[in-house]
file work_29.cif (mmCIF, C-alpha atoms)
data_input
#
loop_
_atom_site.label_atom_id
_atom_site.label_comp_id
_atom_site.auth_asym_id
_atom_site.auth_seq_id
_atom_site.Cartn_x
_atom_site.Cartn_y
_atom_site.Cartn_z
CA MET A 190 12.42 -70.44 -67.25
CA LYS A 191 11.16 -72.38 -70.24
CA LEU A 192 13.25 -73.12 -73.31
CA ILE A 193 11.35 -70.56 -75.38
CA ASP A 194 12.11 -67.91 -72.77
CA TRP A 195 15.83 -68.62 -72.96
CA ILE A 196 15.69 -68.49 -76.76
CA ASN A 197 13.91 -65.12 -76.63
CA LEU A 198 16.47 -63.80 -74.13
CA VAL A 199 19.40 -64.88 -76.33
CA ALA A 200 17.72 -63.38 -79.41
CA LEU A 201 17.23 -60.10 -77.53
CA GLY A 202 20.89 -60.04 -76.50
CA ILE A 203 22.03 -60.68 -80.09
CA ALA A 204 19.71 -57.90 -81.34
CA LEU A 205 21.13 -55.45 -78.79
CA VAL A 206 24.70 -56.31 -79.83
CA ILE A 207 23.84 -55.74 -83.49
CA VAL A 208 22.16 -52.42 -82.71
CA TRP A 209 25.21 -51.33 -80.71
CA GLN A 210 27.57 -52.17 -83.59
CA PHE A 211 25.47 -50.01 -85.93
CA ARG A 212 24.63 -47.32 -83.36
CA GLN A 213 25.77 -44.43 -85.60
CA ILE A 214 23.32 -45.50 -88.30
CA VAL A 215 20.60 -45.93 -85.67
CA LEU A 216 21.27 -42.39 -84.45
CA LEU A 217 21.02 -41.07 -88.01
CA MET A 218 17.72 -42.91 -88.38
CA PHE A 219 16.48 -41.27 -85.20
CA ALA A 220 17.59 -37.85 -86.48
CA ALA A 221 15.74 -38.57 -89.73
CA VAL A 222 12.63 -39.44 -87.72
CA VAL A 223 12.83 -36.14 -85.83
CA ILE A 224 13.20 -34.15 -89.07
CA THR A 225 10.42 -36.17 -90.68
CA ILE A 226 8.09 -35.37 -87.79
CA ALA A 227 8.77 -31.64 -88.27
CA LEU A 228 8.25 -31.76 -92.04
CA ASN A 229 5.22 -34.04 -91.74
CA SER A 230 3.49 -31.44 -89.58
CA LEU A 231 3.89 -28.96 -92.44
CA VAL A 232 2.54 -31.55 -94.89
CA ARG A 233 -0.50 -32.10 -92.68
CA PHE A 234 -1.02 -28.34 -92.48
CA PHE A 235 -1.17 -28.01 -96.27
CA SER A 236 -3.48 -31.01 -96.55
CA ARG A 237 -5.82 -29.75 -93.84
CA VAL A 238 -5.97 -26.08 -94.84
CA TYR A 239 -5.84 -26.30 -98.63
CA GLY A 240 -7.26 -29.80 -99.08
CA TRP A 241 -4.27 -30.93 -101.14
CA PRO A 242 -3.49 -34.63 -101.61
CA ARG A 243 -0.47 -35.84 -99.71
CA ASP A 244 1.76 -36.10 -102.78
CA ARG A 245 1.26 -32.44 -103.64
CA ALA A 246 1.73 -31.37 -100.02
CA VAL A 247 5.00 -33.34 -99.83
CA LEU A 248 6.28 -31.73 -103.05
CA VAL A 249 5.44 -28.21 -101.81
CA THR A 250 7.09 -28.92 -98.46
CA ALA A 251 10.23 -30.24 -100.16
CA ALA A 252 10.29 -27.18 -102.45
CA LEU A 253 10.04 -24.82 -99.47
CA VAL A 254 12.84 -26.63 -97.64
CA LEU A 255 14.99 -26.51 -100.78
CA LEU A 256 14.31 -22.78 -101.21
CA GLY A 257 15.19 -22.13 -97.57
CA SER A 258 18.40 -24.13 -97.98
CA PHE A 259 19.42 -22.07 -101.01
CA ILE A 260 18.74 -18.84 -99.12
CA LEU A 261 20.78 -20.12 -96.18
CA LEU A 262 23.66 -21.22 -98.39
CA GLY A 263 23.61 -18.05 -100.46
CA LEU A 264 23.13 -15.35 -97.83
CA VAL A 265 23.94 -16.61 -94.35
CA LEU A 266 26.58 -19.30 -94.83
CA PRO A 267 29.22 -17.31 -96.79
CA LEU A 268 29.29 -14.50 -94.23
CA PHE A 269 29.38 -16.98 -91.36
CA VAL A 270 32.19 -19.04 -92.91
CA SER A 271 34.36 -16.00 -93.60
CA GLN A 272 33.93 -14.64 -90.08
CA PHE A 273 34.35 -18.07 -88.52
CA GLN A 274 37.69 -18.53 -90.26
CA GLU A 275 38.84 -15.24 -88.77
CA LEU A 276 37.63 -16.41 -85.37
CA LEU A 277 39.76 -19.54 -85.63
CA LEU A 278 42.80 -17.30 -86.14
CA LEU A 279 41.97 -14.77 -83.40
CA THR A 280 40.93 -17.22 -80.68
CA PRO A 281 44.47 -18.63 -80.08
CA LYS A 282 45.77 -15.05 -79.81
CA GLY A 283 43.17 -14.25 -77.17
CA PHE A 284 44.10 -17.47 -75.43
CA GLU A 285 47.76 -16.41 -75.35
CA GLN A 286 46.75 -13.00 -74.02
CA LEU A 287 44.85 -14.70 -71.19
CA GLY A 288 48.01 -16.61 -70.26
CA VAL A 289 50.05 -13.39 -70.23
CA TRP A 290 47.55 -11.67 -67.95
CA PHE A 291 47.44 -14.70 -65.67
CA ASP A 292 51.23 -14.74 -65.33
CA THR A 293 51.27 -10.99 -64.74
CA PHE A 294 48.66 -11.37 -62.03
CA GLN A 295 50.76 -14.02 -60.26
CA ALA A 296 53.93 -11.91 -60.55
CA ASN A 297 52.37 -8.59 -59.48
CA PRO A 298 49.19 -9.25 -57.55
CA PRO A 299 46.99 -6.31 -56.51
CA ASP A 300 47.21 -4.98 -52.97
CA TRP A 301 43.87 -6.42 -51.94
CA PHE A 302 44.88 -10.00 -52.90
CA PRO A 303 46.52 -12.03 -50.05
CA ASP A 304 50.08 -13.08 -50.89
CA GLN A 305 49.83 -16.47 -49.29
CA ASP A 306 47.00 -17.51 -51.61
CA LEU A 307 49.19 -17.14 -54.68
CA ARG A 308 51.14 -20.25 -53.76
CA VAL A 309 48.01 -22.42 -53.99
CA LEU A 310 46.98 -21.11 -57.39
CA PRO A 311 47.72 -23.71 -60.08
CA ALA A 312 49.52 -22.68 -63.22
CA LEU A 313 47.33 -21.93 -66.21
CA PRO A 314 48.80 -24.76 -68.35
CA ASP A 315 47.94 -27.24 -65.59
CA LEU A 316 44.36 -25.98 -65.49
CA LEU A 317 44.11 -26.32 -69.26
CA ARG A 318 45.48 -29.85 -69.22
CA GLN A 319 42.91 -30.85 -66.61
CA ALA A 320 40.11 -29.24 -68.63
CA ALA A 321 41.31 -31.03 -71.77
CA SER A 322 41.38 -34.35 -69.92
CA ILE A 323 37.82 -33.88 -68.72
CA GLY A 324 36.69 -32.79 -72.17
CA SER A 325 38.26 -35.80 -73.86
CA THR A 326 36.60 -38.11 -71.34
CA VAL A 327 33.17 -36.59 -71.89
CA PHE A 328 33.20 -35.91 -75.63
CA GLY A 329 35.35 -38.82 -76.72
CA ASN A 330 35.82 -38.82 -80.48
CA PHE A 331 34.32 -35.38 -81.04
CA LEU A 332 37.32 -33.95 -82.92
CA THR A 333 37.90 -37.21 -84.77
CA PHE A 334 34.34 -37.15 -86.03
CA PHE A 335 34.48 -33.61 -87.35
CA SER A 336 37.98 -33.96 -88.81
CA SER A 337 36.66 -36.03 -91.71
CA SER A 338 34.64 -33.91 -94.12
CA VAL A 339 33.92 -36.96 -96.28
CA ALA A 340 32.27 -38.76 -93.34
CA ILE A 341 30.15 -35.71 -92.59
CA LEU A 342 29.05 -35.43 -96.22
CA LEU A 343 28.12 -39.10 -96.45
CA GLN A 344 26.18 -39.03 -93.21
CA LEU A 345 24.30 -35.88 -94.24
CA LEU A 346 23.46 -37.53 -97.54
CA LEU A 347 22.19 -40.64 -95.75
CA LEU A 348 20.17 -38.42 -93.40
CA LEU A 349 18.57 -36.64 -96.38
CA VAL A 350 17.69 -39.91 -98.14
CA LEU A 351 16.17 -41.45 -95.00
CA THR A 352 14.13 -38.31 -94.34
CA LEU A 353 12.70 -38.23 -97.86
CA MET A 354 11.84 -41.93 -97.74
CA MET A 355 10.05 -41.62 -94.41
CA LEU A 356 8.27 -38.43 -95.43
CA GLY A 357 6.84 -40.12 -98.53
CA ASN A 358 4.91 -42.71 -96.51
CA PRO A 359 5.41 -42.34 -92.74
CA ARG A 360 2.43 -44.54 -91.89
CA ALA A 361 4.06 -47.59 -93.50
CA TYR A 362 7.22 -47.17 -91.39
CA ARG A 363 5.12 -46.63 -88.28
CA GLN A 364 3.20 -49.86 -88.91
CA LEU A 365 6.49 -51.69 -89.46
CA LEU A 366 7.71 -50.47 -86.07
CA LEU A 367 4.45 -51.47 -84.38
CA ARG A 368 4.77 -55.03 -85.68
CA LEU A 369 7.76 -55.45 -83.35
CA PHE A 370 5.36 -55.30 -80.38
CA PRO A 371 3.01 -58.09 -79.29
CA SER A 372 -0.38 -57.90 -80.97
CA SER A 373 -2.10 -57.25 -77.64
CA TYR A 374 0.07 -54.17 -77.02
CA ARG A 375 0.15 -52.61 -80.49
CA ARG A 376 -2.76 -50.27 -79.91
CA ARG A 377 -1.17 -48.99 -76.70
CA ALA A 378 2.24 -48.70 -78.41
CA ASP A 379 0.62 -46.64 -81.15
CA GLU A 380 -0.74 -44.25 -78.49
CA ILE A 381 2.73 -43.92 -76.94
CA LEU A 382 4.27 -43.21 -80.35
CA THR A 383 1.69 -40.47 -80.87
CA LYS A 384 2.66 -38.91 -77.54
CA CYS A 385 6.35 -39.13 -78.48
CA GLU A 386 5.61 -37.40 -81.79
CA ARG A 387 3.69 -34.64 -80.02
CA SER A 388 6.47 -34.17 -77.45
CA LEU A 389 9.14 -33.97 -80.16
CA MET A 390 7.08 -31.40 -82.08
CA PHE A 391 6.76 -29.22 -78.99
CA TRP A 392 10.50 -29.54 -78.38
CA LEU A 393 11.43 -28.70 -81.98
CA GLY A 394 9.18 -25.66 -82.14
CA GLY A 395 10.26 -24.37 -78.75
CA VAL A 396 14.00 -24.83 -79.24
CA ALA A 397 13.86 -23.28 -82.74
CA LEU A 398 12.18 -20.12 -81.41
CA SER A 399 14.55 -20.07 -78.45
CA SER A 400 17.61 -20.34 -80.72
CA ILE A 401 16.40 -17.47 -82.92
CA PHE A 402 15.82 -15.38 -79.79
CA VAL A 403 19.30 -16.14 -78.40
CA ALA A 404 21.00 -15.42 -81.74
CA THR A 405 19.17 -12.11 -82.17
CA ILE A 406 19.88 -10.85 -78.66
CA SER A 407 23.52 -12.02 -78.84
CA PHE A 408 24.06 -10.18 -82.13
CA THR A 409 22.51 -6.98 -80.75
CA GLY A 410 24.51 -7.10 -77.52
CA LEU A 411 27.83 -7.87 -79.23
CA VAL A 412 27.33 -5.05 -81.74
CA LEU A 413 26.64 -2.63 -78.90
CA LEU A 414 29.79 -3.81 -77.10
CA GLY A 415 31.86 -3.47 -80.26
CA VAL A 416 33.03 -7.10 -80.37
CA PRO A 417 34.29 -8.09 -83.85
CA TYR A 418 32.51 -10.74 -85.93
CA ALA A 419 29.23 -10.40 -84.05
CA PHE A 420 27.31 -12.23 -86.78
CA ALA A 421 29.40 -15.40 -86.49
CA HIS A 422 29.15 -15.29 -82.69
CA ALA A 423 25.37 -14.94 -82.90
CA VAL A 424 25.01 -17.86 -85.33
CA LEU A 425 27.14 -20.05 -83.05
CA ALA A 426 25.06 -19.01 -80.04
CA GLY A 427 21.87 -19.99 -81.85
CA LEU A 428 23.27 -23.34 -82.99
CA PHE A 429 24.75 -24.22 -79.60
CA ASN A 430 21.41 -23.42 -77.99
CA PHE A 431 20.15 -26.76 -79.35
CA VAL A 432 22.49 -28.36 -76.78
CA PRO A 433 21.26 -27.16 -73.36
CA ASN A 434 23.58 -26.64 -70.38
CA LEU A 435 26.81 -27.27 -72.32
CA GLY A 436 25.91 -25.34 -75.48
CA PRO A 437 25.61 -21.83 -73.98
CA THR A 438 28.96 -22.24 -72.23
CA LEU A 439 30.69 -23.35 -75.44
CA SER A 440 29.10 -20.52 -77.44
CA ALA A 441 30.67 -17.93 -75.11
CA VAL A 442 34.23 -19.17 -75.63
CA PHE A 443 34.83 -17.47 -79.00
CA PRO A 444 33.52 -13.97 -78.17
CA VAL A 445 35.27 -13.94 -74.79
CA PHE A 446 38.68 -14.76 -76.29
CA VAL A 447 38.18 -12.27 -79.11
CA ALA A 448 37.19 -9.57 -76.61
CA LEU A 449 40.33 -10.37 -74.58
CA LEU A 450 42.39 -8.98 -77.45
CA GLN A 451 40.81 -5.58 -76.79
CA SER A 452 40.60 -5.41 -72.99
CA PRO A 453 39.81 -7.57 -69.96
CA GLY A 454 36.87 -5.27 -69.19
CA LYS A 455 35.26 -6.00 -72.54
CA ALA A 456 35.75 -9.75 -72.03
CA LEU A 457 34.05 -9.44 -68.66
CA ALA A 458 31.22 -7.49 -70.30
CA VAL A 459 30.78 -10.30 -72.83
CA ILE A 460 30.57 -12.87 -70.01
CA VAL A 461 27.95 -10.75 -68.24
CA LEU A 462 26.02 -10.40 -71.52
CA TYR A 463 25.92 -14.15 -72.15
CA VAL A 464 24.95 -14.92 -68.56
CA LEU A 465 22.14 -12.37 -68.80
CA ILE A 466 20.94 -13.77 -72.13
CA GLN A 467 20.87 -17.34 -70.84
CA ASN A 468 18.99 -16.34 -67.70
CA ILE A 469 16.39 -14.46 -69.75
CA GLU A 470 16.09 -17.40 -72.11
CA SER A 471 15.90 -20.00 -69.34
CA TYR A 472 13.55 -18.26 -66.91
CA TRP A 473 11.36 -16.16 -69.20
CA PHE A 474 11.44 -17.01 -72.90
CA SER A 475 11.62 -20.82 -72.76
CA PRO A 476 8.82 -21.23 -70.18
CA MET A 477 6.67 -18.94 -72.31
CA VAL A 478 7.14 -20.76 -75.63
CA MET A 479 7.49 -24.30 -74.22
CA GLN A 480 4.45 -24.53 -71.99
CA LYS A 481 3.47 -27.89 -73.53
CA GLN A 482 6.99 -29.26 -73.79
CA VAL A 483 7.89 -32.39 -71.87
CA SER A 484 9.47 -31.10 -68.68
CA LEU A 485 12.88 -32.53 -67.83
CA LEU A 486 14.70 -31.83 -64.61
CA PRO A 487 17.97 -29.90 -65.15
CA ALA A 488 20.02 -32.64 -63.51
CA ALA A 489 18.34 -35.29 -65.67
CA THR A 490 19.07 -33.24 -68.79
CA LEU A 491 22.75 -32.86 -67.88
CA VAL A 492 23.14 -36.55 -67.01
CA SER A 493 21.48 -37.57 -70.29
CA GLN A 494 23.86 -35.32 -72.23
CA ILE A 495 26.93 -36.77 -70.54
CA PHE A 496 25.62 -40.32 -70.97
CA PHE A 497 24.76 -40.04 -74.67
CA ALA A 498 27.93 -38.06 -75.45
CA THR A 499 30.12 -40.63 -73.70
CA PHE A 500 28.59 -43.73 -75.30
CA LEU A 501 27.32 -42.35 -78.63
CA GLY A 502 29.79 -39.58 -79.44
CA PRO A 503 29.05 -36.08 -80.78
CA VAL A 504 25.86 -37.13 -82.56
CA GLY A 505 24.58 -38.48 -79.25
CA LEU A 506 25.36 -35.13 -77.62
CA VAL A 507 23.38 -33.22 -80.27
CA LEU A 508 20.45 -35.65 -80.04
CA ALA A 509 20.63 -36.02 -76.26
CA LEU A 510 17.53 -33.95 -75.50
CA PRO A 511 15.17 -35.53 -78.07
CA LEU A 512 16.46 -38.95 -77.02
CA ALA A 513 15.76 -38.04 -73.39
CA VAL A 514 12.27 -36.83 -74.31
CA VAL A 515 11.45 -40.11 -76.08
CA CYS A 516 12.94 -42.23 -73.28
CA LYS A 517 11.01 -40.27 -70.65
CA THR A 518 7.72 -40.73 -72.54
CA TRP A 519 8.23 -44.48 -72.94
CA ILE A 520 9.29 -44.95 -69.32
CA GLU A 521 6.29 -43.01 -68.02
CA GLU A 522 3.73 -44.67 -70.29
CA ALA A 523 4.99 -48.23 -70.79
CA TRP A 524 6.64 -48.85 -67.42
CA ILE A 525 5.17 -46.54 -64.78
CA ILE A 526 1.55 -46.39 -66.01
CA ASP A 527 1.15 -49.79 -67.69
CA VAL A 528 3.19 -51.86 -65.22
CA LEU A 529 3.80 -50.18 -61.88
CA ASP A 530 0.55 -48.25 -61.52
CA ARG A 531 -1.54 -51.20 -62.67
CA ALA A 532 0.21 -53.51 -60.21
CA GLY A 533 -0.33 -50.95 -57.46
CA ASP A 534 -4.02 -50.61 -58.31
CA ASP A 535 -4.46 -54.39 -58.20
CA ALA A 536 -2.78 -54.54 -54.78
CA ILE A 537 -4.96 -51.74 -53.44
CA GLU A 538 -8.07 -53.39 -54.85
CA VAL A 539 -7.27 -56.67 -53.11
CA SER A 540 -6.29 -55.11 -49.77
CA SER A 541 -9.21 -52.66 -49.72
CA GLU A 542 -11.83 -55.38 -49.04
CA PRO A 543 -12.93 -54.89 -45.39
CA VAL A 544 -12.95 -57.82 -43.01
CA LEU A 545 -15.83 -57.20 -40.62
CA ASN A 546 -17.28 -59.45 -37.95
CA PRO A 547 -21.07 -59.89 -37.70
CA ALA A 548 -21.34 -57.42 -34.80
CA MET A 549 -19.61 -54.70 -36.80
CA GLU A 550 -21.81 -55.46 -39.84
CA ARG A 551 -24.97 -55.09 -37.72
CA SER A 552 -23.74 -51.82 -36.21
CA GLU A 553 -22.89 -50.46 -39.67
CA ALA A 554 -26.33 -51.46 -40.95
CA THR A 555 -27.96 -49.24 -38.31
CA LEU A 556 -26.06 -46.13 -39.45
CA ALA A 557 -27.69 -43.57 -41.69
CA PRO A 558 -26.42 -43.53 -45.30
CA GLU A 559 -24.66 -40.22 -44.82
CA ASP A 560 -22.83 -41.54 -41.71
CA ARG A 561 -21.50 -44.71 -43.26
#
call {"tool": "encode", "arguments": {"input": "work_29.cif", "output": "structure tokens"}}
result
Amino acid sequence: MKLIDWINLVALGIALVIVWQFRQIVLLMFAAVVITIALNSLVRFFSRVYGWPRDRAVLVTAALVLLGSFILLGLVLPLFVSQFQELLLLTPKGFEQLGVWFDTFQANPPDWFPDQDLRVLPALPDLLRQAASIGSTVFGNFLTFFSSSVAILLQLLLLLVLTLMMLGNPRAYRQLLLRLFPSSYRRRADEILTKCERSLMFWLGGVALSSIFVATISFTGLVLLGVPYAFAHAVLAGLFNFVPNLGPTLSAVFPVFVALLQSPGKALAVIVLYVLIQNIESYWFSPMVMQKQVSLLPAATLVSQIFFATFLGPVGLVLALPLAVVCKTWIEEAWIIDVLDRAGDDAIEVSSEPVLNPAMERSEATLAPEDR
């Protein structure tokens, strides 16, 4: 390697170390980019349909977002907060009731349950300690992050400021990012960024509709089952739907424990309800509304969630799917298509030249065109 190559390699390593030290800010910048993409689509809609200049379209979009935020804070949030506080008080009681039923089951098992299997059943506290150990390994500083309301407020404020700055002139920030690429690859990088933007828009639209669907069906089902605080459960189900695989499981914890305070049969009915809702959402609703979404294998989605949650914390868990979508697009376009496929095409082009002896050439020349 030449000296300039070593210098570039060292500079790349230093840049990666700096990015890692400020990874939380980088994640907030990525979240601001995702929100900016969603709002910018609305700005383009106003400019295209009504012919407004961009400044007016941005102001109208910001006004609509502000109005929606006031409606959310005034109508939805107070009811959710009051019910969620009650949930935090009832959930430990349901948890204690589960322990009582588990101990009763071990002490007086039903007739159909073999006696010898009771000795191999672990105690409920042991199971909970194992689950807590796994959870702490996967989610890391999840509770630490959410325990500081000041940190949440400051990060939300930074997210809002970054979003407004990018929304004012997104092309300038896009050009700044493109300048990091070699001049010969900037046009291709711009095409890949366009594909990433389109993929993120499809994901945002699809997951928003899916979350509304899950929240509505959850609220209806819980009301029919008579589970208390159905509105708070439904809002949690819709919010947790943004985190696939892990989110639906976490959203079922609160209603199951609350239903345990009434009867084990109702808790079982809640579990059946949530399983049914997730199957309908996964196999019918999501494929219908996300036909153009970037397809990710379920195993790849789960691995990406565990990876980003382990190394980037709770924000990485929330942004795992959009991060996976962007990484998948760049790997497919920049690595597979631009590097591997091009190298394969060159190899095929070189090896496809036939080596014929004169006798074979003369025999081929005598063939009819359709027989060659």
call {"tool": "resolve_selection", "arguments": {"input": "work_29.cif", "expression": "the PyMOL selection byres ((chain A and resi 354-358) around 10)", "output": "list in words"}}
result
Met218, Ala221, Val222, Ile224, Thr225, Ile226, Ala227, Leu228, Asn229, Val232, Arg243, Asp244, Val247, Leu248, Ala251, Leu349, Val350, Leu351, Thr352, Leu353, Pro359, Arg360, Ala361, Tyr362 and Arg363 of chain A
call {"tool": "atom_distance", "arguments": {"input": "work_29.cif", "atom1": "CA of Val445 in chain A", "atom2": "CA of Leu278 in chain A"}}
result
14.0 Å
call {"tool": "atom_distance", "arguments": {"input": "work_29.cif", "atom1": "CA of Met390 in chain A", "atom2": "CA of Thr518 in chain A"}}
result
13.4 Å
call {"tool": "atom_distance", "arguments": {"input": "work_29.cif", "atom1": "CA of Phe431 in chain A", "atom2": "CA of Leu231 in chain A"}}
result
21.0 Å
call {"tool": "resolve_selection", "arguments": {"input": "work_29.cif", "expression": "the PyMOL selection byres ((chain A and resi 420-426) around 8)", "output": "JSON, numbers by chain"}}
result
{"A": [268, 269, 270, 272, 273, 400, 403, 404, 405, 407, 408, 418, 419, 427, 428, 429, 430, 436, 437, 440, 441, 443, 444]}
call {"tool": "closest_residue", "arguments": {"input": "work_29.cif", "among": "A:Val447, A:Val289, A:Leu346, A:Leu491", "to": "Glu275 in chain A", "atoms": "all atoms listed in the file"}}
result
A:Val447
call {"tool": "residues_near_point", "arguments": {"input": "work_29.cif", "point": "(27.0, -45.2, -78.0)", "cutoff": "9 Å", "atoms": "only C-alpha atoms", "output": "list in words"}}
result
Trp209, Gln210, Arg212, Gln213, Phe496, Phe497, Ala498, Thr499, Phe500, Leu501, Gly502 and Gly505 of chain A
call {"tool": "axis_aligned_box", "arguments": {"input": "work_29.cif", "around": "range 376-387 of chain A", "padding_each_side": "8 Å", "output": "AutoDock Vina command-line options"}}
result
--center_x 1.8 --center_y -42.5 --center_z -79.2 --size_x 25.1 --size_y 31.6 --size_z 21.1
call {"tool": "resolve_selection", "arguments": {"input": "work_29.cif", "expression": "the PyMOL selection byres ((chain A and resi 377-381) around 10)", "output": "list in words"}}
result
Arg363, Gln364, Leu366, Leu367, Arg368, Phe370, Pro371, Ser372, Ser373, Tyr374, Arg375, Arg376, Leu382, Thr383, Lys384, Cys385, Glu386, Arg387, Val515, Thr518, Trp519, Glu521, Glu522, Ala523 and Asp527 of chain A
call {"tool": "residues_around", "arguments": {"input": "work_29.cif", "residues": "Asn434 in chain A", "least_positions_apart": "6", "cutoff": "10 Å", "atoms": "all atoms listed in the file", "output": "VMD selection string"}}
result
chain A and resid 467 487 to 488 490 to 491 494
call {"tool": "closest_residue", "arguments": {"input": "work_29.cif", "among": "A:Asn297, A:Ser388, A:Thr438, A:Ser236", "to": "Leu512 in chain A", "atoms": "only C-alpha atoms"}}
result
A:Ser388
